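Comments concern the structure below.
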Amino acid sequence: MSTTTPDLTKRRFAPPSALPGPNHNPLALFRGSLRAWLPLLLAGGWMLGTFGLFWAGALAQEVPNPGTLWLFVMSATGAFAVGYVAQLFRSDFRPRASTTRSTDVLRARRLVLAGGIYYVLFGLALLFEYGATGPGSIIASLQDPAGAYLNKFTVYQQQEDNGRTNPVIQVLTLLGVLGTALVPLLVVHWRRLSGGLRLVGLAGIGVYSLFFLYIGTLKGLGDFVLMIAAGLLIASSRNRDRAAQRVKRRRATVLAAVVFALFCAYMMSSQADRVDQFGTHDRVRANPTVERVAGEQVATGLAALVIYPTHGYLGLAYNLETPFVWSHGLGSTPAITSYGSQYLGIEADQYPAYPVRTEGRTGWPAGMYWSTIYPWLASDLTFPGTVLFMAFLGWFFARLWREVNLAGGILPTLIFVQMCLLVAYIPANNQLGMSRPAVIGLATLLFLYLWTALTRSVKGSAPPERVLR
């Protein structure tokens, strides 16, 4: 029997690629790649871009406190970036174990089927609730988006005056988590779905979109555009082959650009009609040069397209001058306020949110114009507390993105897409807190996420994913 002495020289002088180190650490590799930072670049670019575009418009001249507005927006955006960076540089980050690829695909197929059926039923129920009697009435509304938008508020008032409820809509509202699943999984798992499942998913998106076209509202269409974009971002980051990843990212960028261009075209048309219907030419001022070249309708639509995502900063400026009054947890999320009013008898006027109180002080309408997400959050958190919340949001946003890339799984994917919606609507309002299905859907996802985390910590290891079967 012979013995050998290990050649320590070989290990000592081995090339770095042959030794364990940061180059072999998936966390370090991820942190050093562009895909790790892409969500931060997109989110930060959107927040700072809309803020910068606001100052290039006429509404900037009406800001009563430019210094305070600049300080707050820069602080909130900076806090978001700090939270994101802090999460990426966590050395103890351990993503939960994911299920096998085949199991995830099977669950995705089931959820796409359920989500498609959900949106078809929900879209039809809403169409009937808001007065659609057939294809003719729908086509008439499509031809008059401003009138359809105005009719929506008439239905709102009738529902409030009569106390009318639709049991089908109530049940579908409670199943709001299905609404969070369809579009992201349809996009991410498109190649692994059968033609029938794709058709069901597209039918759900189509019927639900038809409802928002019927009431002349951009909200549902904008949500779908953003969820498609977030799904494409996830899909383009999944391929580890750099050449294939570049090709996939290029295709995703082109597709997202086409969807975005179509949405903007419709938005320009509908917003121009609203300006004529409501007489808001003093707010939406068309550029004279564009008007001479492209005509009044196009120039007005283009001006509205720019003002639409930026005018909320003027509302924020007004809110920053309003004294803080705690809304007892009912100001930041109007959907929860509506539940409290309906089932607990809480008077909504008893605990008004920041934008509501600012409307009484300045006349800036909380229900018609935006004030960004910040005053809604500050109704319960104060404005300094809102800055801290933005740091937590950036931290959580980065954590989800790491899980999506390093562990996969359906649950982090769906929550990440919801956070993309939240970030995209920062210049507008607390969009995820405005509707009951959105609140219920997000709350369900977060509960499942926390439950799996607690289960993992109790058992001491990451169990297989058992949610969203």
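Labeling convention for the structure tokens: chains A, B, ... as they appear, residues from 1 per chain, ligands from 1 in order of appearance.
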Q. Leaving out Val73 in chain A and any residue of its chain fewer than 2 positions from it, which residues lie within 9 Å of it when counting only C-alpha atoms, given as a list in words?
A. Met47, Leu48, Phe51, Thr68, Leu69, Trp70, Leu71, Ser75, Ala76, Thr77, Gly78 and Val387 of chain A
(Q) Give me the residues near Arg191 in chain A as a VMD selection string, where near means some atom within 12 Å (using only C-alpha atoms) and where sequence neighbours in that chain fewer than 3 positions away do not count. (A) chain A and resid 105 108 to 109 185 to 188 194 to 195 197 to 198 235
Next, write the just-selected residues to a file, as a tab-separated table (two decimals), in the first residue's frame, keeping N, CA and C atoms as the atom set.
```tsv
chain	number	residue	atom	x	y	z
A	105	VAL	N	-44.33	24.43	-14.05
A	105	VAL	CA	-45.05	24.55	-15.32
A	105	VAL	C	-46.47	24.02	-15.18
A	108	ALA	N	-48.43	26.52	-13.31
A	108	ALA	CA	-48.66	27.69	-14.16
A	108	ALA	C	-49.79	27.43	-15.15
A	109	ARG	N	-49.84	26.24	-15.70
A	109	ARG	CA	-50.92	25.92	-16.64
A	109	ARG	C	-52.28	25.96	-15.96
A	185	LEU	N	-47.91	34.73	-15.74
A	185	LEU	CA	-47.62	33.33	-16.07
A	185	LEU	C	-47.85	33.06	-17.54
A	186	LEU	N	-48.80	33.74	-18.16
A	186	LEU	CA	-49.02	33.59	-19.59
A	186	LEU	C	-47.80	34.04	-20.37
A	187	VAL	N	-47.18	35.13	-19.93
A	187	VAL	CA	-46.00	35.65	-20.62
A	187	VAL	C	-44.77	34.80	-20.33
A	188	VAL	N	-44.52	34.51	-19.06
A	188	VAL	CA	-43.29	33.79	-18.67
A	188	VAL	C	-43.29	32.36	-19.21
A	194	SER	N	-50.17	25.07	-24.00
A	194	SER	CA	-50.83	24.58	-25.21
A	194	SER	C	-51.58	25.72	-25.90
A	195	GLY	N	-51.95	25.49	-27.15
A	195	GLY	CA	-52.70	26.50	-27.87
A	195	GLY	C	-54.03	26.83	-27.20
A	197	LEU	N	-54.74	26.71	-23.94
A	197	LEU	CA	-54.52	27.54	-22.75
A	197	LEU	C	-54.17	28.97	-23.15
A	198	ARG	N	-53.39	29.13	-24.21
A	198	ARG	CA	-53.08	30.48	-24.68
A	198	ARG	C	-54.37	31.20	-25.09
A	235	ALA	N	-38.92	36.84	-18.16
A	235	ALA	CA	-38.62	35.81	-19.16
A	235	ALA	C	-37.26	36.05	-19.81
```
Q: Select, from A:Gly433, A:Pro412, A:Gly363, A:Pro184, the residue with the minimum atom-to-atom distance to Tyr449 in chain A, counting only C-alpha atoms.
A: A:Pro412
(Q) I want to know what sits within 9 Å of range 115-131 of chain A, based on only C-alpha atoms, with residues of the same chain fewer than 2 positions away left out; could you give that as an MDAnalysis selection string? (A) chainID A and resid 110:113 133:134 137:138 151:152 155:156 166 168:169 172:173 175:183 197:212 214:215
(Q) For a quick check of understanding, using only C-alpha atoms, which of A:Thr444, A:Thr165, A:Thr253, A:Gly44 has the smallest distance to Ile234 in chain A? (A)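 Among the listed residues, the smallest separation from Ile234 in chain A belongs to A:Thr253.
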If we count only C-alpha atoms and set the cut-off at 12 Å, which residues sit around Ala256 in chain A, ignoring sequence neighbours fewer than 4 positions away in its own chain? Please answer as a PDB file with C-alpha atoms, in the first residue's frame.
```
ATOM      1  CA  VAL A 187     -46.005  35.654 -20.615  1.00  0.00           C
ATOM      2  CA  PHE A 224     -52.102  44.680 -18.398  1.00  0.00           C
ATOM      3  CA  VAL A 225     -49.390  46.603 -20.271  1.00  0.00           C
ATOM      4  CA  LEU A 226     -47.274  46.822 -17.124  1.00  0.00           C
ATOM      5  CA  MET A 227     -47.774  43.147 -16.222  1.00  0.00           C
ATOM      6  CA  ILE A 228     -46.818  42.117 -19.759  1.00  0.00           C
ATOM      7  CA  ALA A 229     -43.676  44.260 -19.538  1.00  0.00           C
ATOM      8  CA  ALA A 230     -42.757  42.794 -16.135  1.00  0.00           C
ATOM      9  CA  GLY A 231     -43.372  39.266 -17.428  1.00  0.00           C
ATOM     10  CA  LEU A 232     -41.115  39.936 -20.421  1.00  0.00           C
ATOM     11  CA  LEU A 233     -38.429  41.257 -18.074  1.00  0.00           C
ATOM     12  CA  SER A 236     -35.640  37.596 -20.722  1.00  0.00           C
ATOM     13  CA  ARG A 249     -34.057  40.549 -24.270  1.00  0.00           C
ATOM     14  CA  ARG A 250     -34.061  42.272 -27.650  1.00  0.00           C
ATOM     15  CA  ARG A 251     -37.240  40.478 -28.657  1.00  0.00           C
ATOM     16  CA  ALA A 252     -38.849  41.283 -25.328  1.00  0.00           C
ATOM     17  CA  PHE A 260     -46.638  50.357 -25.137  1.00  0.00           C
ATOM     18  CA  ALA A 261     -47.016  52.244 -28.447  1.00  0.00           C
ATOM     19  CA  LEU A 262     -50.518  50.847 -28.998  1.00  0.00           C
ATOM     20  CA  PHE A 263     -51.497  51.801 -25.455  1.00  0.00           C
TER      21      PHE A 263
END
```
Q: Rounded to one decimal place, report the CA of Ala317 in chain A-CA of Ser371 in chain A distance in Å.
A: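 Those two atoms sit 8.2 Å apart.
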Q. Restricting the calculation to only C-alpha atoms, which member of A:Gly32, A:Pro135, A:Gly367, A:Pro375 is positioned closest to Asn430 in chain A?
A. A:Pro375
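Of the residues listed (A:Trp46, A:Phe80, A:Tyr318, A:Tyr339), A:Tyr318 shows the shortest atom-to-atom separation from Val356 in chain A; distances use only C-alpha atoms.
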Q) With only C-alpha atoms as the basis for distance, which of A:Gln170, A:Gly409, A:Val325, A:Leu316 is at the shortest distance from His189 in chain A? A)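 Comparing A:Gln170, A:Gly409, A:Val325, A:Leu316 against His189 in chain A, the winner is A:Gly409.
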Q) Per DSSP on the backbone, what are the alpha helix (DSSP H) residues of range 34-233 of chain A, as a ChimeraX atom specification? A) /A:34-55,66-88,101-129,135-143,145-162,167-174,177-188,195-214,219-233
Q. Smallest atom-to-atom distance to Thr386 in chain A: which of A:Thr217, A:Gln61, A:Leu40, A:Ala79, using only C-alpha atoms?
A. A:Ala79
